[in-house]
Each structure stands twice: as structure tokens, then as C-alpha cells.
>>> print(open('data_13.pdb').read())   # PDB, C-alpha atoms, pLDDT in the B column
MODEL        1
ATOM      1  CA  MET E   1       7.950 -30.719 -99.598  1.00 54.00           C
ATOM      2  CA  GLN E   2       9.719 -32.106-102.633  1.00 54.00           C
ATOM      3  CA  GLU E   3      12.931 -30.316-101.584  1.00 53.00           C
ATOM      4  CA  ASN E   4      12.788 -32.107 -98.196  1.00 52.00           C
ATOM      5  CA  ALA E   5      12.343 -35.511 -99.892  1.00 49.00           C
ATOM      6  CA  THR E   6      15.293 -34.841-102.232  1.00 53.00           C
ATOM      7  CA  TRP E   7      17.428 -33.676 -99.321  1.00 47.00           C
ATOM      8  CA  LEU E   8      16.461 -36.794 -97.287  1.00 47.00           C
ATOM      9  CA  ARG E   9      17.334 -39.120-100.198  1.00 55.00           C
ATOM     10  CA  THR E  10      20.710 -37.401-100.577  1.00 52.00           C
ATOM     11  CA  VAL E  11      21.471 -37.794 -96.853  1.00 45.00           C
ATOM     12  CA  LEU E  12      20.485 -41.472 -96.927  1.00 46.00           C
ATOM     13  CA  LEU E  13      22.585 -42.090-100.046  1.00 47.00           C
ATOM     14  CA  VAL E  14      25.644 -40.423 -98.459  1.00 47.00           C
ATOM     15  CA  ALA E  15      25.132 -42.483 -95.276  1.00 49.00           C
ATOM     16  CA  MET E  16      24.886 -45.731 -97.240  1.00 48.00           C
ATOM     17  CA  VAL E  17      28.035 -44.920 -99.250  1.00 44.00           C
ATOM     18  CA  GLY E  18      29.819 -44.101 -95.981  1.00 49.00           C
ATOM     19  CA  MET E  19      28.798 -47.446 -94.520  1.00 46.00           C
ATOM     20  CA  LEU E  20      30.058 -49.280 -97.607  1.00 45.00           C
ATOM     21  CA  VAL E  21      33.374 -47.444 -97.536  1.00 45.00           C
ATOM     22  CA  GLY E  22      33.686 -48.182 -93.796  1.00 46.00           C
ATOM     23  CA  THR E  23      33.177 -51.927 -94.282  1.00 43.00           C
ATOM     24  CA  GLN E  24      35.724 -52.047 -97.083  1.00 42.00           C
ATOM     25  CA  THR E  25      38.488 -50.723 -94.824  1.00 38.00           C
ATOM     26  CA  ILE E  26      38.495 -53.697 -92.429  1.00 41.00           C
ATOM     27  CA  GLY E  27      42.049 -54.656 -91.585  1.00 44.00           C
ATOM     28  CA  THR E  28      43.597 -51.380 -92.756  1.00 46.00           C
ATOM     29  CA  GLY E  29      43.711 -49.743 -89.348  1.00 45.00           C
ATOM     30  CA  LYS E  30      40.609 -47.641 -90.026  1.00 47.00           C
ATOM     31  CA  ARG E  31      37.012 -48.017 -88.956  1.00 49.00           C
ATOM     32  CA  GLY E  32      35.988 -51.657 -88.529  1.00 47.00           C
ATOM     33  CA  ALA E  33      39.569 -52.919 -88.180  1.00 47.00           C
ATOM     34  CA  LEU E  34      40.995 -54.923 -85.287  1.00 46.00           C
ATOM     35  CA  SER E  35      42.047 -52.837 -82.328  1.00 49.00           C
ATOM     36  CA  GLY E  36      45.633 -51.625 -82.042  1.00 50.00           C
ATOM     37  CA  ARG E  37      46.205 -53.967 -79.087  1.00 54.00           C
ATOM     38  CA  TYR E  38      46.016 -57.037 -81.350  1.00 48.00           C
ATOM     39  CA  LYS E  39      49.521 -58.287 -82.048  1.00 55.00           C
ATOM     40  CA  GLY E  40      48.847 -60.968 -84.658  1.00 56.00           C
ATOM     41  CA  ARG E  41      51.632 -62.639 -86.600  1.00 57.00           C
ATOM     42  CA  LYS E  42      52.378 -60.745 -89.772  1.00 62.00           C
ATOM     43  CA  ASP E  43      54.392 -63.599 -91.287  1.00 67.00           C
ATOM     44  CA  PHE E  44      51.693 -66.228 -90.661  1.00 62.00           C
ATOM     45  CA  LYS E  45      51.630 -68.988 -93.276  1.00 65.00           C
ATOM     46  CA  PRO E  46      48.620 -71.321 -93.448  1.00 66.00           C
ATOM     47  CA  ILE E  47      49.064 -75.076 -93.082  1.00 67.00           C
ATOM     48  CA  THR E  48      49.379 -76.477 -96.574  1.00 69.00           C
ATOM     49  CA  GLY E  49      49.557 -80.209 -95.854  1.00 73.00           C
ATOM     50  CA  THR E  50      53.113 -80.454 -97.161  1.00 81.00           C
ATOM     51  CA  TYR E  51      56.364 -81.103 -95.319  1.00 78.00           C
ATOM     52  CA  PRO E  52      58.736 -78.166 -94.859  1.00 82.00           C
ATOM     53  CA  SER E  53      61.675 -80.048 -96.406  1.00 86.00           C
ATOM     54  CA  VAL E  54      62.581 -83.260 -98.194  1.00 86.00           C
ATOM     55  CA  GLU E  55      64.437 -84.448 -95.081  1.00 83.00           C
ATOM     56  CA  ALA E  56      61.331 -83.933 -92.905  1.00 79.00           C
ATOM     57  CA  LYS E  57      59.163 -85.841 -95.375  1.00 80.00           C
ATOM     58  CA  GLU E  58      61.619 -88.750 -95.462  1.00 77.00           C
ATOM     59  CA  TYR E  59      61.768 -88.823 -91.651  1.00 74.00           C
ATOM     60  CA  TYR E  60      58.017 -88.710 -91.013  1.00 74.00           C
ATOM     61  CA  THR E  61      57.076 -91.123 -93.793  1.00 80.00           C
ATOM     62  CA  ASN E  62      59.868 -93.643 -93.175  1.00 85.00           C
ATOM     63  CA  PRO E  63      58.425 -97.118 -93.855  1.00 89.00           C
ATOM     64  CA  LYS E  64      60.573 -98.512 -91.010  1.00 92.00           C
ATOM     65  CA  GLY E  65      58.966 -96.198 -88.435  1.00 92.00           C
ATOM     66  CA  ALA E  66      56.847 -97.552 -85.568  1.00 94.00           C
ATOM     67  CA  LYS E  67      53.185 -97.817 -86.544  1.00 95.00           C
ATOM     68  CA  ILE E  68      50.268 -99.073 -84.450  1.00 95.00           C
ATOM     69  CA  THR E  69      48.298-101.393 -86.718  1.00 95.00           C
ATOM     70  CA  LYS E  70      45.608-102.587 -84.303  1.00 95.00           C
ATOM     71  CA  SER E  71      44.286-101.345 -80.981  1.00 93.00           C
ATOM     72  CA  SER E  72      41.324-101.477 -78.647  1.00 89.00           C
ATOM     73  CA  HIS E  73      38.292 -99.264 -79.233  1.00 85.00           C
ATOM     74  CA  PHE E  74      38.588 -95.620 -78.100  1.00 85.00           C
ATOM     75  CA  ASN E  75      35.611 -95.717 -75.685  1.00 90.00           C
ATOM     76  CA  TYR E  76      35.751 -98.499 -73.134  1.00 87.00           C
ATOM     77  CA  GLN E  77      33.154 -99.002 -70.417  1.00 91.00           C
ATOM     78  CA  TYR E  78      33.966-101.486 -67.680  1.00 92.00           C
ATOM     79  CA  VAL E  79      32.101-102.981 -64.752  1.00 92.00           C
ATOM     80  CA  LEU E  80      33.533-102.323 -61.290  1.00 93.00           C
ATOM     81  CA  GLY E  81      35.272-105.422 -59.970  1.00 92.00           C
ATOM     82  CA  HIS E  82      35.700-106.920 -63.456  1.00 93.00           C
ATOM     83  CA  LYS E  83      38.672-106.942 -65.826  1.00 93.00           C
ATOM     84  CA  ILE E  84      39.838-104.118 -68.103  1.00 92.00           C
ATOM     85  CA  VAL E  85      41.756-105.301 -71.183  1.00 94.00           C
ATOM     86  CA  PHE E  86      43.548-103.113 -73.737  1.00 94.00           C
ATOM     87  CA  LEU E  87      45.390-104.365 -76.813  1.00 96.00           C
ATOM     88  CA  CYS E  88      48.030-102.601 -78.874  1.00 97.00           C
ATOM     89  CA  VAL E  89      49.760-104.145 -81.926  1.00 97.00           C
ATOM     90  CA  ALA E  90      52.652-102.324 -83.611  1.00 97.00           C
ATOM     91  CA  ARG E  91      55.103-102.940 -86.435  1.00 96.00           C
ATOM     92  CA  GLY E  92      58.393-101.357 -87.435  1.00 95.00           C
ATOM     93  CA  SER E  93      62.040-102.125 -88.107  1.00 93.00           C
ATOM     94  CA  PRO E  94      63.606-102.364 -85.632  1.00 94.00           C
ATOM     95  CA  LEU E  95      60.632-103.783 -83.732  1.00 96.00           C
ATOM     96  CA  PRO E  96      59.147-100.958 -81.641  1.00 96.00           C
ATOM     97  CA  GLN E  97      58.876-100.848 -77.880  1.00 96.00           C
ATOM     98  CA  ILE E  98      55.339-100.372 -76.484  1.00 96.00           C
ATOM     99  CA  THR E  99      54.833 -98.223 -73.393  1.00 96.00           C
ATOM    100  CA  TRP E 100      51.516 -97.741 -71.543  1.00 95.00           C
ATOM    101  CA  PHE E 101      50.297 -94.488 -69.957  1.00 95.00           C
ATOM    102  CA  LYS E 102      47.302 -93.469 -67.831  1.00 94.00           C
ATOM    103  CA  ASP E 103      46.273 -89.806 -67.737  1.00 95.00           C
ATOM    104  CA  GLY E 104      49.651 -88.822 -69.199  1.00 93.00           C
ATOM    105  CA  VAL E 105      51.769 -90.751 -66.672  1.00 93.00           C
ATOM    106  CA  GLU E 106      53.692 -93.882 -67.609  1.00 93.00           C
ATOM    107  CA  LEU E 107      52.339 -97.004 -65.930  1.00 90.00           C
ATOM    108  CA  TYR E 108      55.257 -98.575 -64.092  1.00 81.00           C
ATOM    109  CA  ALA E 109      53.441-100.543 -61.464  1.00 76.00           C
ATOM    110  CA  HIS E 110      49.798-100.978 -60.632  1.00 77.00           C
ATOM    111  CA  ARG E 111      48.633-103.293 -57.916  1.00 82.00           C
ATOM    112  CA  TYR E 112      46.286-105.203 -60.218  1.00 88.00           C
ATOM    113  CA  MET E 113      47.928-104.585 -63.614  1.00 91.00           C
ATOM    114  CA  GLN E 114      49.511-107.251 -65.783  1.00 93.00           C
ATOM    115  CA  LEU E 115      51.366-106.670 -69.062  1.00 93.00           C
ATOM    116  CA  HIS E 116      51.796-109.375 -71.674  1.00 95.00           C
ATOM    117  CA  GLU E 117      53.945-108.924 -74.790  1.00 96.00           C
ATOM    118  CA  TRP E 118      54.754-111.288 -77.610  1.00 96.00           C
ATOM    119  CA  LYS E 119      56.202-111.112 -81.102  1.00 95.00           C
ATOM    120  CA  SER E 120      54.200-112.274 -84.072  1.00 90.00           C
ATOM    121  CA  GLY E 121      56.171-112.024 -87.317  1.00 87.00           C
ATOM    122  CA  ASN E 122      57.180-108.387 -87.749  1.00 88.00           C
ATOM    123  CA  HIS E 123      54.616-107.206 -85.170  1.00 95.00           C
ATOM    124  CA  LEU E 124      54.806-106.723 -81.410  1.00 97.00           C
ATOM    125  CA  LYS E 125      51.579-107.338 -79.489  1.00 97.00           C
ATOM    126  CA  SER E 126      51.027-105.865 -76.051  1.00 97.00           C
ATOM    127  CA  LYS E 127      48.058-106.583 -73.807  1.00 96.00           C
ATOM    128  CA  MET E 128      47.458-104.615 -70.612  1.00 94.00           C
ATOM    129  CA  GLU E 129      44.983-106.015 -68.055  1.00 94.00           C
ATOM    130  CA  ILE E 130      43.681-104.630 -64.789  1.00 93.00           C
ATOM    131  CA  ASP E 131      41.778-107.139 -62.663  1.00 93.00           C
ATOM    132  CA  PRO E 132      39.771-106.268 -60.622  1.00 94.00           C
ATOM    133  CA  ALA E 133      39.025-102.732 -61.865  1.00 93.00           C
ATOM    134  CA  THR E 134      38.105 -99.952 -59.439  1.00 93.00           C
ATOM    135  CA  GLN E 135      36.691 -96.427 -59.809  1.00 94.00           C
ATOM    136  CA  ALA E 136      40.247 -95.057 -59.764  1.00 93.00           C
ATOM    137  CA  ASP E 137      40.989 -96.951 -62.988  1.00 94.00           C
ATOM    138  CA  ALA E 138      38.708 -94.674 -65.033  1.00 95.00           C
ATOM    139  CA  GLY E 139      40.608 -92.228 -67.236  1.00 95.00           C
ATOM    140  CA  ILE E 140      42.554 -91.877 -70.466  1.00 95.00           C
ATOM    141  CA  TYR E 141      44.977 -94.695 -71.322  1.00 95.00           C
ATOM    142  CA  GLU E 142      47.528 -94.564 -74.139  1.00 96.00           C
ATOM    143  CA  CYS E 143      49.866 -97.006 -75.803  1.00 96.00           C
ATOM    144  CA  HIS E 144      52.993 -95.577 -77.433  1.00 96.00           C
ATOM    145  CA  ALA E 145      54.928 -97.558 -80.025  1.00 96.00           C
ATOM    146  CA  ASN E 146      58.454 -96.230 -80.405  1.00 94.00           C
ATOM    147  CA  ASN E 147      61.510 -97.102 -82.476  1.00 93.00           C
ATOM    148  CA  LYS E 148      64.419 -94.986 -83.736  1.00 91.00           C
ATOM    149  CA  TYR E 149      62.387 -93.782 -86.735  1.00 90.00           C
ATOM    150  CA  ALA E 150      58.997 -92.806 -85.320  1.00 89.00           C
ATOM    151  CA  VAL E 151      56.521 -92.784 -82.433  1.00 91.00           C
ATOM    152  CA  ASP E 152      52.851 -93.688 -82.856  1.00 93.00           C
ATOM    153  CA  THR E 153      50.176 -93.293 -80.175  1.00 94.00           C
ATOM    154  CA  LYS E 154      46.629 -94.549 -79.588  1.00 95.00           C
ATOM    155  CA  ALA E 155      44.372 -93.401 -76.756  1.00 95.00           C
ATOM    156  CA  PHE E 156      41.499 -95.119 -74.948  1.00 92.00           C
ATOM    157  CA  ARG E 157      38.924 -93.494 -72.651  1.00 95.00           C
ATOM    158  CA  THR E 158      37.520 -95.606 -69.837  1.00 93.00           C
ATOM    159  CA  THR E 159      34.422 -95.078 -67.747  1.00 94.00           C
ATOM    160  CA  TYR E 160      32.821 -97.466 -65.294  1.00 92.00           C
ATOM    161  CA  ILE E 161      29.366 -98.743 -64.469  1.00 90.00           C
ATOM    162  CA  ALA E 162      28.429-100.232 -61.104  1.00 82.00           C
ATOM    163  CA  HIS E 163      27.016-103.520 -62.436  1.00 74.00           C
ATOM    164  CA  LEU E 164      25.636-105.269 -65.512  1.00 66.00           C
ATOM    165  CA  ASN E 165      21.936-104.954 -66.155  1.00 63.00           C
TER     166      ASN E 165
ENDMDL
END
>>> encode(input="data_13.pdb", output="C-alpha cells")
Amino acid sequence: MQENATWLRTVLLVAMVGMLVGTQTIGTGKRGALSGRYKGRKDFKPITGTYPSVEAKEYYTNPKGAKITKSSHFNYQYVLGHKIVFLCVARGSPLPQITWFKDGVELYAHRYMQLHEWKSGNHLKSKMEIDPATQADAGIYECHANNKYAVDTKAFRTTYIAHLN
């Protein structure tokens, strides 16, 4: 009886050691590793939060680059038949150009859209209005501020309600 208990303890101990050894070989191509079909990048470098070169840092942090300094709130809920208004204010030197997009497509012409732009010091203000708004006007709108040094973007999501309570 005692021989059986000793033998059982030995078997359990060998099994536990085998399990430990098996878990320590993860990633070495042995038991517990990723399958051979996985073709991960071997030269993968984690994102460090630094620029890859001095030139890249100077380009992306150029103080003359276009920068959106004020914009409408991200979530915008409008009432059908009423006005939608978005505001985008940008600075930069030279003064940036502001372009509006809806669902990834530049807004050239919209039956009920009006664009207003004016300069205020070293800022360009752009206001886009749609009046009256329809169900088709729901979506993702973006304003892009662009000059020769940088592009900055802000997005706005619109949803509609049928009427005010």
C-alpha cells in the first residue's frame, strides 16, 4: 500500500515538472508555442513615442504648421428641418486652408449648405451650415486645416431626432 502511494506521488511529481517545463518553452517552437503557420514580424520594434529622426521631429512639431485651435463638439444631435452648424478655427503660417468632408468625401456642393470663412488675427475661422437638415445629413463630418507644414483634422458625428420634446 505504501509502495503504491510512493509510486503515485512520483508520477504526479514527474507530471507537474513536465507541465512546468512545457509552459516555459512558449515561443521556442516546442509545446505551447504559436503554430508554424504564424508569420509574425521578427524585426518588430515597439512604438517608443519618439520620432525616427531629427528631420521628422522638426517637420511634425513645426510651430508654423496648421493647427485646429477650436472646433465644434464631437457628438452633435440635430432636429430634422432645423439648422446644423459646425465651427472650425485654425492657425498657422502661412494661414491654413480649411476643407470640409462628410463620410470621407469632400463637400463641394450641398443643396442647403453654406460656408462662411473669415480671418481673425493669425487665425482662420470657418463655419459650415446646413439649413434645413434632413435624415441624409447624419454622418461623420471633418474639417481639415492644411498649410505647407502640416495638416490637422477634427471630426464630428451627427445624429438626428424627429422633433424637440
>>> atom_distance(input="data_13.pdb", atom1="atom CA of E:Ala136", atom2="atom CA of E:Val151")
28.0 Å
>>> residues_around(input="data_13.pdb", residues="E:Val105", least_positions_apart="4", cutoff="12 Å", atoms="only C-alpha atoms", output="list in words")
Thr99, Trp100, Phe101, Ala109, Gly139, Ile140, Tyr141, Glu142, Cys143 and His144 of chain E
>>> closest_residue(input="data_13.pdb", among="E:Gln114, E:Thr134, E:Asn147, E:Thr69", to="E:Ala90", atoms="only C-alpha atoms")
E:Thr69
>>> resolve_selection(input="data_13.pdb", expression="the PyMOL selection byres ((chain E and resi 98) around 12)", output="number ranges by chain")
E: 66-68, 71, 87-92, 95-97, 99-101, 106-107, 115-119, 123-128, 142-147, 151-154
>>> write_last_selection(input="data_13.pdb", atoms="C-alpha atoms", output="compact mmCIF listing (two decimals), in the coordinates of the input")
# COMPACT_ATOMS: atom_id res chain seq x y z
CA ALA E 66 56.85 -97.55 -85.57
CA LYS E 67 53.18 -97.82 -86.54
CA ILE E 68 50.27 -99.07 -84.45
CA SER E 71 44.29 -101.34 -80.98
CA LEU E 87 45.39 -104.36 -76.81
CA CYS E 88 48.03 -102.60 -78.87
CA VAL E 89 49.76 -104.14 -81.93
CA ALA E 90 52.65 -102.32 -83.61
CA ARG E 91 55.10 -102.94 -86.44
CA GLY E 92 58.39 -101.36 -87.44
CA LEU E 95 60.63 -103.78 -83.73
CA PRO E 96 59.15 -100.96 -81.64
CA GLN E 97 58.88 -100.85 -77.88
CA THR E 99 54.83 -98.22 -73.39
CA TRP E 100 51.52 -97.74 -71.54
CA PHE E 101 50.30 -94.49 -69.96
CA GLU E 106 53.69 -93.88 -67.61
CA LEU E 107 52.34 -97.00 -65.93
CA LEU E 115 51.37 -106.67 -69.06
CA HIS E 116 51.80 -109.38 -71.67
CA GLU E 117 53.94 -108.92 -74.79
CA TRP E 118 54.75 -111.29 -77.61
CA LYS E 119 56.20 -111.11 -81.10
CA HIS E 123 54.62 -107.21 -85.17
CA LEU E 124 54.81 -106.72 -81.41
CA LYS E 125 51.58 -107.34 -79.49
CA SER E 126 51.03 -105.86 -76.05
CA LYS E 127 48.06 -106.58 -73.81
CA MET E 128 47.46 -104.62 -70.61
CA GLU E 142 47.53 -94.56 -74.14
CA CYS E 143 49.87 -97.01 -75.80
CA HIS E 144 52.99 -95.58 -77.43
CA ALA E 145 54.93 -97.56 -80.03
CA ASN E 146 58.45 -96.23 -80.40
CA ASN E 147 61.51 -97.10 -82.48
CA VAL E 151 56.52 -92.78 -82.43
CA ASP E 152 52.85 -93.69 -82.86
CA THR E 153 50.18 -93.29 -80.18
CA LYS E 154 46.63 -94.55 -79.59
>>> resolve_selection(input="data_13.pdb", expression="the PyMOL selection byres ((chain E and resi 135) around 10)", output="PyMOL selection string")
chain E and resi 78-81+133-134+136-139+159-162
>>> resolve_selection(input="data_13.pdb", expression="the PyMOL selection byres ((chain E and resi 59-63) around 8)", output="list in words")
Glu55, Ala56, Lys57, Glu58, Lys64, Gly65, Gly92, Tyr149 and Ala150 of chain E
>>> atom_distance(input="data_13.pdb", atom1="atom CA of E:Phe156", atom2="atom CA of E:Arg111")
20.2 Å
>>> atom_distance(input="data_13.pdb", atom1="atom CA of E:Ile84", atom2="atom CA of E:Ala155")
14.5 Å
>>> residues_around(input="data_13.pdb", residues="E:Tyr112", least_positions_apart="6", cutoff="9 Å", atoms="all atoms listed in the file", output="PyMOL selection string")
chain E and resi 129-133
>>> decode(input="data_13.pdb", residues="stretch 79-157 of chain E", atoms="C-alpha atoms", output="PDB file, in the first residue's frame")
ATOM      1  CA  VAL E  79     -33.570  68.230 -35.172  1.00  0.00           C
ATOM      2  CA  LEU E  80     -34.899  67.371 -38.630  1.00  0.00           C
ATOM      3  CA  GLY E  81     -35.775  70.532 -40.531  1.00  0.00           C
ATOM      4  CA  HIS E  82     -33.547  72.719 -38.333  1.00  0.00           C
ATOM      5  CA  LYS E  83     -30.023  74.040 -38.870  1.00  0.00           C
ATOM      6  CA  ILE E  84     -26.746  72.154 -38.401  1.00  0.00           C
ATOM      7  CA  VAL E  85     -23.768  74.397 -37.589  1.00  0.00           C
ATOM      8  CA  PHE E  86     -20.115  73.338 -37.332  1.00  0.00           C
ATOM      9  CA  LEU E  87     -17.209  75.623 -36.462  1.00  0.00           C
ATOM     10  CA  CYS E  88     -13.517  75.114 -37.120  1.00  0.00           C
ATOM     11  CA  VAL E  89     -10.795  77.637 -36.161  1.00  0.00           C
ATOM     12  CA  ALA E  90      -7.191  77.077 -37.263  1.00  0.00           C
ATOM     13  CA  ARG E  91      -3.871  78.892 -37.061  1.00  0.00           C
ATOM     14  CA  GLY E  92      -0.581  78.540 -38.900  1.00  0.00           C
ATOM     15  CA  SER E  93       1.918  80.436 -41.023  1.00  0.00           C
ATOM     16  CA  PRO E  94       1.070  80.645 -43.829  1.00  0.00           C
ATOM     17  CA  LEU E  95      -2.604  80.763 -42.848  1.00  0.00           C
ATOM     18  CA  PRO E  96      -4.066  77.289 -43.438  1.00  0.00           C
ATOM     19  CA  GLN E  97      -6.854  76.399 -45.818  1.00  0.00           C
ATOM     20  CA  ILE E  98      -9.892  74.672 -44.246  1.00  0.00           C
ATOM     21  CA  THR E  99     -11.675  71.926 -46.171  1.00  0.00           C
ATOM     22  CA  TRP E 100     -14.893  70.171 -45.069  1.00  0.00           C
ATOM     23  CA  PHE E 101     -15.691  66.466 -45.544  1.00  0.00           C
ATOM     24  CA  LYS E 102     -18.725  64.248 -44.909  1.00  0.00           C
ATOM     25  CA  ASP E 103     -18.215  60.495 -44.538  1.00  0.00           C
ATOM     26  CA  GLY E 104     -14.743  60.817 -46.075  1.00  0.00           C
ATOM     27  CA  VAL E 105     -15.845  62.761 -49.172  1.00  0.00           C
ATOM     28  CA  GLU E 106     -15.024  66.431 -49.663  1.00  0.00           C
ATOM     29  CA  LEU E 107     -18.095  68.657 -49.561  1.00  0.00           C
ATOM     30  CA  TYR E 108     -18.092  70.624 -52.800  1.00  0.00           C
ATOM     31  CA  ALA E 109     -21.738  71.455 -53.109  1.00  0.00           C
ATOM     32  CA  HIS E 110     -24.747  70.659 -50.996  1.00  0.00           C
ATOM     33  CA  ARG E 111     -28.164  71.986 -51.809  1.00  0.00           C
ATOM     34  CA  TYR E 112     -28.643  73.540 -48.372  1.00  0.00           C
ATOM     35  CA  MET E 113     -25.013  74.071 -47.297  1.00  0.00           C
ATOM     36  CA  GLN E 114     -23.380  77.438 -46.738  1.00  0.00           C
ATOM     37  CA  LEU E 115     -19.713  78.045 -45.895  1.00  0.00           C
ATOM     38  CA  HIS E 116     -18.502  81.200 -44.193  1.00  0.00           C
ATOM     39  CA  GLU E 117     -14.808  81.982 -43.663  1.00  0.00           C
ATOM     40  CA  TRP E 118     -13.099  84.967 -42.124  1.00  0.00           C
ATOM     41  CA  LYS E 119      -9.671  85.877 -40.805  1.00  0.00           C
ATOM     42  CA  SER E 120      -9.213  86.951 -37.226  1.00  0.00           C
ATOM     43  CA  GLY E 121      -5.606  87.896 -36.462  1.00  0.00           C
ATOM     44  CA  ASN E 122      -3.460  84.852 -37.208  1.00  0.00           C
ATOM     45  CA  HIS E 123      -6.489  82.519 -37.209  1.00  0.00           C
ATOM     46  CA  LEU E 124      -8.864  81.411 -39.956  1.00  0.00           C
ATOM     47  CA  LYS E 125     -12.442  80.700 -38.873  1.00  0.00           C
ATOM     48  CA  SER E 126     -14.723  78.509 -40.945  1.00  0.00           C
ATOM     49  CA  LYS E 127     -18.402  77.907 -40.261  1.00  0.00           C
ATOM     50  CA  MET E 128     -20.377  75.284 -42.175  1.00  0.00           C
ATOM     51  CA  GLU E 129     -24.196  75.405 -42.006  1.00  0.00           C
ATOM     52  CA  ILE E 130     -26.854  73.114 -43.409  1.00  0.00           C
ATOM     53  CA  ASP E 131     -30.379  74.522 -43.266  1.00  0.00           C
ATOM     54  CA  PRO E 132     -32.785  72.743 -43.278  1.00  0.00           C
ATOM     55  CA  ALA E 133     -31.196  69.443 -42.188  1.00  0.00           C
ATOM     56  CA  THR E 134     -32.557  66.110 -43.414  1.00  0.00           C
ATOM     57  CA  GLN E 135     -32.006  62.463 -42.435  1.00  0.00           C
ATOM     58  CA  ALA E 136     -29.359  62.190 -45.162  1.00  0.00           C
ATOM     59  CA  ASP E 137     -27.249  64.789 -43.339  1.00  0.00           C
ATOM     60  CA  ALA E 138     -26.473  62.381 -40.481  1.00  0.00           C
ATOM     61  CA  GLY E 139     -22.916  61.046 -40.563  1.00  0.00           C
ATOM     62  CA  ILE E 140     -19.303  61.885 -39.800  1.00  0.00           C
ATOM     63  CA  TYR E 141     -18.122  65.389 -40.734  1.00  0.00           C
ATOM     64  CA  GLU E 142     -14.495  66.531 -40.673  1.00  0.00           C
ATOM     65  CA  CYS E 143     -12.673  69.809 -41.025  1.00  0.00           C
ATOM     66  CA  HIS E 144      -9.092  69.674 -42.303  1.00  0.00           C
ATOM     67  CA  ALA E 145      -6.712  72.580 -41.769  1.00  0.00           C
ATOM     68  CA  ASN E 146      -3.798  72.417 -44.182  1.00  0.00           C
ATOM     69  CA  ASN E 147      -0.715  74.505 -44.910  1.00  0.00           C
ATOM     70  CA  LYS E 148       2.697  73.592 -46.341  1.00  0.00           C
ATOM     71  CA  TYR E 149       3.945  72.442 -42.922  1.00  0.00           C
ATOM     72  CA  ALA E 150       1.152  70.285 -41.511  1.00  0.00           C
ATOM     73  CA  VAL E 151      -2.427  69.008 -41.687  1.00  0.00           C
ATOM     74  CA  ASP E 152      -4.723  68.882 -38.658  1.00  0.00           C
ATOM     75  CA  THR E 153      -8.157  67.236 -38.581  1.00  0.00           C
ATOM     76  CA  LYS E 154     -11.207  67.285 -36.301  1.00  0.00           C
ATOM     77  CA  ALA E 155     -14.234  65.025 -36.695  1.00  0.00           C
ATOM     78  CA  PHE E 156     -17.879  65.471 -35.698  1.00  0.00           C
ATOM     79  CA  ARG E 157     -20.568  62.771 -35.536  1.00  0.00           C
TER      80      ARG E 157
END
